[in-house]
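Enquirer: Supplied structure: data.pdb, PDB, C-alpha atoms and all ligand atoms.
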ATOM      1  CA  VAL A   1      -7.643  -4.558 -25.671
ATOM      2  CA  ASP A   2      -8.951  -2.496 -22.759
ATOM      3  CA  GLU A   3      -6.244  -0.312 -21.249
ATOM      4  CA  HIS A   4      -8.460   1.164 -18.554
ATOM      5  CA  TYR A   5      -8.916  -0.400 -15.174
ATOM      6  CA  GLN A   6     -11.115  -0.128 -12.144
ATOM      7  CA  VAL A   7      -9.354   0.457  -8.834
ATOM      8  CA  VAL A   8     -11.003  -1.031  -5.744
ATOM      9  CA  ILE A   9      -9.775   0.184  -2.371
ATOM     10  CA  VAL A  10     -10.436  -2.327   0.397
ATOM     11  CA  ARG A  11     -10.357  -1.151   4.014
ATOM     12  CA  TYR A  12      -9.576  -4.183   6.156
ATOM     13  CA  GLY A  13      -8.175  -2.720   9.397
ATOM     14  CA  THR A  14      -8.035   0.318  11.642
ATOM     15  CA  ARG A  15      -6.548   1.840  14.778
ATOM     16  CA  THR A  16      -6.345   5.152  16.599
ATOM     17  CA  ALA A  17      -2.863   6.619  16.967
ATOM     18  CA  THR A  18      -1.541  10.062  17.891
ATOM     19  CA  ARG A  19       0.007  12.683  15.641
ATOM     20  CA  ARG A  20       3.253  12.366  17.597
ATOM     21  CA  GLU A  21       3.346   8.640  16.781
ATOM     22  CA  VAL A  22       2.762   9.009  13.053
ATOM     23  CA  TYR A  23       4.787  12.089  12.083
ATOM     24  CA  LEU A  24       8.576  12.063  12.277
ATOM     25  CA  ASN A  25      10.013  14.292  15.026
ATOM     26  CA  TYR A  26       6.614  15.931  15.478
ATOM     27  CA  GLY A  27       8.047  18.472  17.942
ATOM     28  CA  VAL A  28       9.623  20.262  14.958
ATOM     29  CA  TYR A  29       6.195  21.621  13.952
ATOM     30  CA  ASP A  30       5.322  23.161  17.330
ATOM     31  CA  GLU A  31       1.732  21.905  17.181
ATOM     32  CA  PRO A  32      -0.289  20.162  19.891
ATOM     33  CA  ASP A  33      -0.527  16.398  19.839
ATOM     34  CA  ALA A  34      -3.953  14.907  19.045
ATOM     35  CA  PRO A  35      -5.479  11.557  18.175
ATOM     36  CA  ILE A  36      -5.340  10.545  14.516
ATOM     37  CA  GLY A  37      -6.987   7.561  12.887
ATOM     38  CA  MET A  38      -5.066   5.105  10.790
ATOM     39  CA  ASP A  39      -6.855   2.809   8.386
ATOM     40  CA  TYR A  40      -5.364  -0.202   6.640
ATOM     41  CA  PHE A  41      -6.005  -0.889   2.969
ATOM     42  CA  PHE A  42      -5.044  -3.040   0.054
ATOM     43  CA  TRP A  43      -5.926  -2.364  -3.558
ATOM     44  CA  VAL A  44      -7.347  -4.296  -6.509
ATOM     45  CA  ILE A  45      -6.692  -3.232 -10.116
ATOM     46  CA  ARG A  46      -8.954  -4.961 -12.614
ATOM     47  CA  ASN A  47     -10.715  -4.911 -15.957
ATOM     48  CA  GLY A  48     -12.348  -7.517 -18.171
ATOM     49  CA  GLN A  49      -8.998  -9.144 -18.991
ATOM     50  CA  HIS A  50      -6.735  -8.685 -15.983
ATOM     51  CA  THR A  51      -6.843  -8.613 -12.196
ATOM     52  CA  LEU A  52      -3.880  -7.514 -10.105
ATOM     53  CA  VAL A  53      -3.694  -7.009  -6.351
ATOM     54  CA  LEU A  54      -1.457  -4.398  -4.743
ATOM     55  CA  ASP A  55      -0.325  -5.592  -1.285
ATOM     56  CA  THR A  56      -1.985  -8.237   0.877
ATOM     57  CA  GLY A  57      -2.627  -6.517   4.221
ATOM     58  CA  PHE A  58      -1.539  -7.639   7.673
ATOM     59  CA  SER A  59      -2.196 -11.176   8.880
ATOM     60  CA  ARG A  60      -4.378 -11.812  11.921
ATOM     61  CA  ALA A  61      -1.235 -12.631  13.943
ATOM     62  CA  GLY A  62       0.624  -9.580  12.623
ATOM     63  CA  GLY A  63      -2.275  -7.300  13.545
ATOM     64  CA  GLU A  64      -2.812  -8.809  17.008
ATOM     65  CA  LYS A  65       0.877  -8.502  17.859
ATOM     66  CA  ARG A  66       0.609  -4.733  17.321
ATOM     67  CA  GLN A  67      -2.963  -4.302  18.606
ATOM     68  CA  ARG A  68      -4.405  -3.343  15.223
ATOM     69  CA  THR A  69      -8.083  -4.072  14.620
ATOM     70  CA  MET A  70      -8.848  -6.338  11.688
ATOM     71  CA  LEU A  71     -12.244  -5.434  10.194
ATOM     72  CA  ILE A  72     -12.277  -8.186   7.583
ATOM     73  CA  GLU A  73      -9.729 -10.817   6.563
ATOM     74  CA  PRO A  74      -8.014  -9.506   3.413
ATOM     75  CA  THR A  75      -8.295 -12.896   1.699
ATOM     76  CA  SER A  76     -12.015 -13.088   2.623
ATOM     77  CA  ALA A  77     -12.572  -9.635   1.148
ATOM     78  CA  LEU A  78     -10.854 -10.757  -2.040
ATOM     79  CA  ARG A  79     -13.079 -13.836  -2.282
ATOM     80  CA  LEU A  80     -16.153 -11.600  -1.833
ATOM     81  CA  LEU A  81     -14.869  -9.658  -4.853
ATOM     82  CA  GLY A  82     -14.739 -12.938  -6.773
ATOM     83  CA  ILE A  83     -10.956 -13.234  -6.608
ATOM     84  CA  GLY A  84      -9.381 -16.483  -5.384
ATOM     85  CA  PRO A  85      -5.919 -15.791  -3.892
ATOM     86  CA  GLU A  86      -4.676 -19.209  -5.012
ATOM     87  CA  GLU A  87      -5.404 -18.502  -8.667
ATOM     88  CA  LEU A  88      -4.514 -14.821  -8.894
ATOM     89  CA  SER A  89      -1.774 -14.258 -11.488
ATOM     90  CA  THR A  90      -0.069 -11.143 -10.136
ATOM     91  CA  VAL A  91       0.516  -9.508  -6.750
ATOM     92  CA  LEU A  92       2.334  -6.171  -6.666
ATOM     93  CA  ILE A  93       4.240  -5.454  -3.452
ATOM     94  CA  SER A  94       4.631  -1.749  -2.687
ATOM     95  CA  HIS A  95       7.029  -2.526   0.176
ATOM     96  CA  ALA A  96       7.626  -5.409   2.552
ATOM     97  CA  HIS A  97       6.178  -4.084   5.831
ATOM     98  CA  TYR A  98       3.979  -6.418   7.911
ATOM     99  CA  ASP A  99       0.772  -4.598   6.928
ATOM    100  CA  HIS A 100       1.513  -4.995   3.218
ATOM    101  CA  ILE A 101       2.826  -8.583   2.889
ATOM    102  CA  GLY A 102       0.920 -10.466   5.601
ATOM    103  CA  ASN A 103      -1.255 -13.197   4.035
ATOM    104  CA  LEU A 104       1.186 -13.548   1.127
ATOM    105  CA  ALA A 105       1.373 -17.307   1.736
ATOM    106  CA  ALA A 106      -2.216 -17.613   0.431
ATOM    107  CA  PHE A 107      -1.099 -16.495  -3.030
ATOM    108  CA  VAL A 108       0.501 -19.815  -3.933
ATOM    109  CA  SER A 109       0.715 -19.371  -7.693
ATOM    110  CA  SER A 110       0.985 -15.595  -8.129
ATOM    111  CA  ASP A 111       3.913 -13.785  -9.651
ATOM    112  CA  LEU A 112       5.115 -11.250  -7.087
ATOM    113  CA  VAL A 113       6.441  -7.930  -8.381
ATOM    114  CA  ILE A 114       8.714  -5.968  -6.034
ATOM    115  CA  ALA A 115      11.555  -3.456  -6.404
ATOM    116  CA  GLU A 116      14.905  -5.228  -6.388
ATOM    117  CA  GLY A 117      16.246  -2.880  -3.691
ATOM    118  CA  GLU A 118      13.253  -3.617  -1.456
ATOM    119  CA  LEU A 119      13.708  -7.382  -1.657
ATOM    120  CA  ALA A 120      17.473  -7.140  -1.163
ATOM    121  CA  PHE A 121      17.068  -4.899   1.879
ATOM    122  CA  TRP A 122      14.684  -7.244   3.701
ATOM    123  CA  GLN A 123      17.027 -10.146   3.054
ATOM    124  CA  SER A 124      19.980  -8.159   4.440
ATOM    125  CA  GLU A 125      21.372  -8.050   7.949
ATOM    126  CA  TYR A 126      20.003  -4.523   8.488
ATOM    127  CA  ALA A 127      16.435  -5.799   8.366
ATOM    128  CA  THR A 128      17.094  -7.529  11.694
ATOM    129  CA  ARG A 129      17.874  -4.246  13.522
ATOM    130  CA  ALA A 130      15.164  -3.113  15.942
ATOM    131  CA  GLN A 131      13.925  -0.039  14.040
ATOM    132  CA  PHE A 132      13.336  -2.133  10.903
ATOM    133  CA  ARG A 133      12.457  -5.404  12.614
ATOM    134  CA  HIS A 134       9.440  -3.665  14.206
ATOM    135  CA  SER A 135       7.739  -3.479  10.800
ATOM    136  CA  ALA A 136       8.792  -6.898   9.505
ATOM    137  CA  ASP A 137       6.642  -9.993   8.999
ATOM    138  CA  ASP A 138       8.398 -13.357   9.110
ATOM    139  CA  ALA A 139       5.565 -15.321   7.496
ATOM    140  CA  GLY A 140       5.309 -12.820   4.656
ATOM    141  CA  MET A 141       9.063 -12.890   4.088
ATOM    142  CA  ALA A 142       9.003 -16.700   4.133
ATOM    143  CA  ALA A 143       6.279 -16.645   1.473
ATOM    144  CA  LEU A 144       8.414 -14.259  -0.590
ATOM    145  CA  ALA A 145      11.394 -16.630  -0.268
ATOM    146  CA  THR A 146       9.218 -19.577  -1.329
ATOM    147  CA  ALA A 147       7.973 -17.626  -4.343
ATOM    148  CA  GLU A 148      11.564 -16.725  -5.200
ATOM    149  CA  SER A 149      12.624 -20.399  -5.065
ATOM    150  CA  GLU A 150       9.703 -21.215  -7.364
ATOM    151  CA  GLY A 151      10.714 -18.526  -9.861
ATOM    152  CA  ARG A 152       7.616 -16.419  -9.133
ATOM    153  CA  VAL A 153       9.335 -13.188  -8.088
ATOM    154  CA  ARG A 154       9.839 -10.417 -10.652
ATOM    155  CA  THR A 155      12.101  -7.583  -9.520
ATOM    156  CA  PHE A 156      12.705  -4.208 -11.146
ATOM    157  CA  THR A 157      14.701  -1.053 -10.592
ATOM    158  CA  GLY A 158      13.336   2.442 -11.203
ATOM    159  CA  ALA A 159      10.071   1.669 -12.938
ATOM    160  CA  ILE A 160       8.305  -1.182 -14.694
ATOM    161  CA  SER A 161       5.434  -1.145 -17.151
ATOM    162  CA  LEU A 162       3.261  -4.090 -16.097
ATOM    163  CA  LEU A 163       0.515  -3.785 -18.695
ATOM    164  CA  PRO A 164      -0.596  -0.909 -20.921
ATOM    165  CA  GLY A 165      -2.106   1.507 -18.388
ATOM    166  CA  ILE A 166      -0.329   0.123 -15.303
ATOM    167  CA  GLU A 167       3.115   1.282 -14.230
ATOM    168  CA  MET A 168       4.976   0.618 -10.980
ATOM    169  CA  VAL A 169       7.476   3.282  -9.900
ATOM    170  CA  GLU A 170      10.114   2.953  -7.182
ATOM    171  CA  VAL A 171      10.392   6.053  -4.975
ATOM    172  CA  GLY A 172      12.192   4.750  -1.863
ATOM    173  CA  GLY A 173      12.364   6.719   1.386
ATOM    174  CA  HIS A 174       9.843   5.033   3.687
ATOM    175  CA  THR A 175      11.619   1.770   2.847
ATOM    176  CA  PRO A 176      14.587   1.326   0.477
ATOM    177  CA  GLY A 177      12.398   0.234  -2.450
ATOM    178  CA  GLN A 178       8.994   1.731  -1.581
ATOM    179  CA  SER A 179       6.993   1.822  -4.812
ATOM    180  CA  VAL A 180       3.816   3.438  -6.103
ATOM    181  CA  VAL A 181       1.489   2.211  -8.851
ATOM    182  CA  VAL A 182       0.017   4.460 -11.535
ATOM    183  CA  VAL A 183      -3.184   3.163 -13.131
ATOM    184  CA  ASP A 184      -5.298   4.505 -15.994
ATOM    185  CA  THR A 185      -9.035   4.365 -15.281
ATOM    186  CA  SER A 186     -12.174   5.692 -16.992
ATOM    187  CA  GLU A 187     -12.036   8.518 -14.417
ATOM    188  CA  GLY A 188      -8.461   9.453 -15.187
ATOM    189  CA  ARG A 189      -5.075   8.445 -13.941
ATOM    190  CA  VAL A 190      -4.919   7.120 -10.377
ATOM    191  CA  VAL A 191      -1.792   7.098  -8.247
ATOM    192  CA  LEU A 192      -1.801   4.339  -5.652
ATOM    193  CA  ALA A 193       0.833   5.853  -3.391
ATOM    194  CA  SER A 194       0.727   3.191  -0.687
ATOM    195  CA  ASP A 195       3.133   4.388   2.024
ATOM    196  CA  ALA A 196       5.012   6.867  -0.174
ATOM    197  CA  THR A 197       2.382   8.998   1.580
ATOM    198  CA  HIS A 198       0.332   7.466   4.395
ATOM    199  CA  TYR A 199      -1.834  10.587   4.748
ATOM    200  CA  TYR A 200      -2.981  13.408   2.451
ATOM    201  CA  GLU A 201      -1.610  15.832   5.043
ATOM    202  CA  GLU A 202       1.785  14.123   4.832
ATOM    203  CA  LEU A 203       2.036  15.225   1.188
ATOM    204  CA  ASP A 204       0.113  18.522   1.446
ATOM    205  CA  ARG A 205       2.134  19.796   4.409
ATOM    206  CA  ASP A 206       5.400  18.003   3.596
ATOM    207  CA  MET A 207       5.473  16.101   6.911
ATOM    208  CA  PRO A 208       7.369  12.790   6.670
ATOM    209  CA  PHE A 209       5.986   9.712   8.402
ATOM    210  CA  ALA A 210       7.577   8.489  11.638
ATOM    211  CA  PHE A 211       9.246   5.475  10.058
ATOM    212  CA  VAL A 212      11.775   6.231   7.323
ATOM    213  CA  ALA A 213      14.684   4.273   5.884
ATOM    214  CA  ASP A 214      16.060   7.477   4.323
ATOM    215  CA  LEU A 215      14.728  10.943   5.149
ATOM    216  CA  VAL A 216      16.194  12.727   2.112
ATOM    217  CA  GLN A 217      14.723  10.060  -0.148
ATOM    218  CA  THR A 218      11.379  10.385   1.676
ATOM    219  CA  TYR A 219      11.240  14.101   0.807
ATOM    220  CA  ALA A 220      12.334  13.262  -2.762
ATOM    221  CA  GLY A 221       9.546  10.679  -2.908
ATOM    222  CA  LEU A 222       6.972  13.298  -1.877
ATOM    223  CA  ASP A 223       8.340  15.537  -4.648
ATOM    224  CA  ARG A 224       8.063  12.632  -7.066
ATOM    225  CA  LEU A 225       4.402  12.175  -6.112
ATOM    226  CA  ARG A 226       3.777  15.890  -6.719
ATOM    227  CA  ASP A 227       5.411  15.532 -10.146
ATOM    228  CA  ILE A 228       3.254  12.533 -11.012
ATOM    229  CA  MET A 229       0.122  14.374  -9.840
ATOM    230  CA  GLY A 230       1.109  17.575 -11.656
ATOM    231  CA  GLU A 231       3.111  17.134 -14.848
ATOM    232  CA  ASP A 232       1.754  13.702 -15.644
ATOM    233  CA  GLY A 233      -1.781  14.946 -15.014
ATOM    234  CA  ALA A 234      -2.960  12.289 -12.595
ATOM    235  CA  SER A 235      -6.512  12.851 -11.346
ATOM    236  CA  HIS A 236      -6.678  10.882  -8.103
ATOM    237  CA  LEU A 237      -4.233  10.254  -5.315
ATOM    238  CA  VAL A 238      -4.859   7.261  -3.055
ATOM    239  CA  THR A 239      -2.765   7.245   0.128
ATOM    240  CA  GLY A 240      -1.636   4.271   2.202
ATOM    241  CA  HIS A 241      -3.528   4.830   5.450
ATOM    242  CA  ASP A 242      -5.719   7.970   5.454
ATOM    243  CA  PRO A 243      -9.143   7.497   7.133
ATOM    244  CA  SER A 244     -10.637  10.149   4.808
ATOM    245  CA  THR A 245     -10.208   7.737   1.881
ATOM    246  CA  PHE A 246     -13.722   6.335   2.195
ATOM    247  CA  GLN A 247     -15.231   9.851   2.085
ATOM    248  CA  ARG A 248     -13.218  10.720  -1.023
ATOM    249  CA  PHE A 249     -14.296   7.828  -3.228
ATOM    250  CA  ARG A 250     -17.652   6.188  -3.828
ATOM    251  CA  SER A 251     -18.815   2.878  -2.507
ATOM    252  CA  LEU A 252     -18.339  -0.045  -4.806
ATOM    253  CA  ALA A 253     -21.684  -0.969  -6.315
ATOM    254  CA  ASP A 254     -23.228  -4.433  -6.444
ATOM    255  CA  ILE A 255     -21.217  -6.091  -3.727
ATOM    256  CA  PRO A 256     -22.138  -8.813  -1.233
ATOM    257  CA  ALA A 257     -23.482  -7.547   2.115
ATOM    258  CA  ASP A 258     -20.370  -8.739   3.960
ATOM    259  CA  LEU A 259     -18.277  -6.313   1.926
ATOM    260  CA  HIS A 260     -20.470  -3.274   2.617
ATOM    261  CA  GLY A 261     -18.446  -0.465   4.174
ATOM    262  CA  HIS A 262     -15.184  -2.117   3.182
ATOM    263  CA  ALA A 263     -14.792  -1.212  -0.495
ATOM    264  CA  VAL A 264     -14.748   1.999  -2.523
ATOM    265  CA  SER A 265     -13.790   2.329  -6.175
ATOM    266  CA  ILE A 266     -12.500   4.593  -8.915
ATOM    267  CA  GLY A 267     -13.345   3.956 -12.573
ATOM    268  CA  SER A 268     -15.786   1.550 -14.107
ATOM    269  CA  LEU A 269     -15.272  -2.140 -14.637
ATOM    270  CA  THR A 270     -15.540  -2.541 -18.385
TER     271      THR A 270
HETATM  272 ZN    ZN B 301       1.579   0.644   5.719
END
Could you render the structure as C-alpha cells?
Expert:
Amino acid sequence: VDEHYQVVIVRYGTRTATRREVYLNYGVYDEPDAPIGMDYFFWVIRNGQHTLVLDTGFSRAGGEKRQRTMLIEPTSALRLLGIGPEELSTVLISHAHYDHIGNLAAFVSSDLVIAEGELAFWQSEYATRAQFRHSADDAGMAALATAESEGRVRTFTGAISLLPGIEMVEVGGHTPGQSVVVVDTSEGRVVLASDATHYYEELDRDMPFAFVADLVQTYAGLDRLRDIMGEDGASHLVTGHDPSTFQRFRSLADIPADLHGHAVSIGSLT
C-alpha cells in the first residue's frame, strides 16, 4: 500500500486587496498600507489508490457577490484533473467559509469530513450575526445539511487520521473548527494550512488575519503550525491564499492546456 501522496494546488480565483483589509487591526504595526494580492485555492491529495479533495472553492454566485475574480470553475478544474465531483469518495472541509464550501452541492456522493465544532458553529445562531454571516455560503451549508441527512458527514474533534499518511488537525482561531491537513509525499511532509495561515507573512511575522472567531486561538493556531513545521519535521507549508504559492512550487506536468497556469504540485504521483 502506497502511503505517499501527490498534492496538487489549484488556483481558481484572485483579487487585489489592501494590507489594512487583510491583517487584523493593521494600525497596531505602524506600517503604511499597500495593495496585497489574494489568490483562491483548493487542494487535491492523491496517489494510485486514493483521491481526496480539500475544500471546494467559492461558487460563481459567491464570488460575484463579493467581487472576486473566478479564473476557472473549481469543478471544471477537477474534471481536467480526471476527477468527477459526483463520484469522488471524500471531501475534507478545512472550514465552512464561502470560498471553501461553495460548489459542495456537486459532490453528491462524497463523504464530507469536518471538525465537529466547525459544523456546530455554522448551524448555531451566532453564524447569522453580521461579522460571521459575511463569510457564509447558504448553498454550501445546504449541501452540508443534505449530506448530513444522507449520513455522509464525518465529524471529529482534535485530530483524525484519514489514511496512513494523511491526518487532519483542528486548530481553531480563524473559525471555531478551522483545520489543517498534514500529508506525506515523496518530497516530505506537506502541511496544507488552508486559512490557519492565509499568507506566509501571517505566520512569519505573527500577524493574525482580519477575520477571527477567537484571537487567542488564532495565535495558538500559528504556534501549532510552527510546531508541526518544526518538531514534526514537515518540509512544505502551503497557505490558504498567498499569491507567492505558484512561485514556490512547480507546475503540474502533463496537464490539459485549459489547466495551464492553474495547477502546481508537490510530490510524485506513484
Ligand atoms: Zn479562505
Enquirer: For ligand ZN 301 (chain B), collect every residue having any atom at a distance of at most 10 Å from a ligand atom (counting only C-alpha atoms and all ligand atoms); output as a compact mmCIF listing (two decimals) with C-alpha atoms, keeping the file's coordinate frame.
Expert:
# COMPACT_ATOMS: atom_id res chain seq x y z
CA MET A 38 -5.07 5.11 10.79
CA ASP A 39 -6.86 2.81 8.39
CA TYR A 40 -5.36 -0.20 6.64
CA PHE A 41 -6.00 -0.89 2.97
CA PHE A 42 -5.04 -3.04 0.05
CA ASP A 55 -0.32 -5.59 -1.28
CA GLY A 57 -2.63 -6.52 4.22
CA PHE A 58 -1.54 -7.64 7.67
CA SER A 94 4.63 -1.75 -2.69
CA HIS A 95 7.03 -2.53 0.18
CA ALA A 96 7.63 -5.41 2.55
CA HIS A 97 6.18 -4.08 5.83
CA TYR A 98 3.98 -6.42 7.91
CA ASP A 99 0.77 -4.60 6.93
CA HIS A 100 1.51 -5.00 3.22
CA ILE A 101 2.83 -8.58 2.89
CA SER A 135 7.74 -3.48 10.80
CA HIS A 174 9.84 5.03 3.69
CA SER A 194 0.73 3.19 -0.69
CA ASP A 195 3.13 4.39 2.02
CA ALA A 196 5.01 6.87 -0.17
CA THR A 197 2.38 9.00 1.58
CA HIS A 198 0.33 7.47 4.39
CA THR A 239 -2.76 7.24 0.13
CA GLY A 240 -1.64 4.27 2.20
CA HIS A 241 -3.53 4.83 5.45
Enquirer: Looking at only C-alpha atoms, which of A:Glu170, A:Asp30, A:Asp242, A:Glu116 is the one that sits closest to Leu203 in chain A?
Expert: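 Among A:Glu170, A:Asp30, A:Asp242, A:Glu116, it is A:Asp242 that comes nearest to Leu203 in chain A.
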Enquirer: Residues near range 11-16 of chain A, anyone? I mean within 12 Å using all atoms listed in the file, not counting same-chain ones fewer than 4 positions away, as a PyMOL selection string.
Expert: chain A and resi 21-22+34-44+55-60+62-64+66-78+99-100+239-246+251-252+258-265
Enquirer: Specify as a PyMOL selection string each residue included when the PyMOL selection byres (((chain A and resi 20) around 9) and not hetatm) is applied to this file.
Expert: chain A and resi 17-19+21-27+32-35+210
Enquirer: Write out the residues from the selection above, keeping C-alpha atoms, as a CSV table (one decimal), in the coordinates of the input.
Expert:
chain,number,residue,atom,x,y,z
A,17,ALA,CA,-2.9,6.6,17.0
A,18,THR,CA,-1.5,10.1,17.9
A,19,ARG,CA,0.0,12.7,15.6
A,21,GLU,CA,3.3,8.6,16.8
A,22,VAL,CA,2.8,9.0,13.1
A,23,TYR,CA,4.8,12.1,12.1
A,24,LEU,CA,8.6,12.1,12.3
A,25,ASN,CA,10.0,14.3,15.0
A,26,TYR,CA,6.6,15.9,15.5
A,27,GLY,CA,8.0,18.5,17.9
A,32,PRO,CA,-0.3,20.2,19.9
A,33,ASP,CA,-0.5,16.4,19.8
A,34,ALA,CA,-4.0,14.9,19.0
A,35,PRO,CA,-5.5,11.6,18.2
A,210,ALA,CA,7.6,8.5,11.6
Enquirer: Around the point (3.5, -12.9, 0.4) in the file's coordinates, collect all residues with an atom within 8 Å, using all atoms listed in the file, and return them as an MDAnalysis selection string.
Expert: chainID A and resid 56 101:107 112 139:144
Enquirer: Applying the PyMOL selection byres (((chain A and resi 187) around 12) and not hetatm) to the file I just gave you, which residues come out? Please list them as JSON, numbers by chain.
Expert: {"A": [4, 5, 6, 7, 183, 184, 185, 186, 188, 189, 190, 234, 235, 236, 249, 265, 266, 267, 268, 269]}
Enquirer: Using the chain letters and numbering of this document, enumerate as a ChimeraX atom specification the residues selected by the PyMOL selection byres (((chain A and resi 86) around 8) and not hetatm).
Expert: /A:84-85,87-88,106-110
Enquirer: Restricting the calculation to only C-alpha atoms: of A:Asp137, A:Ile166, A:Thr128, A:Ser149, which residue gets closest to Val53 in chain A?
Expert: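 The closest residue to Val53 in chain A is A:Ile166.
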Enquirer: What is the CA of His134 in chain A-CA of Glu118 in chain A distance in Å, reported with one decimal?
Expert: 16.1 Å
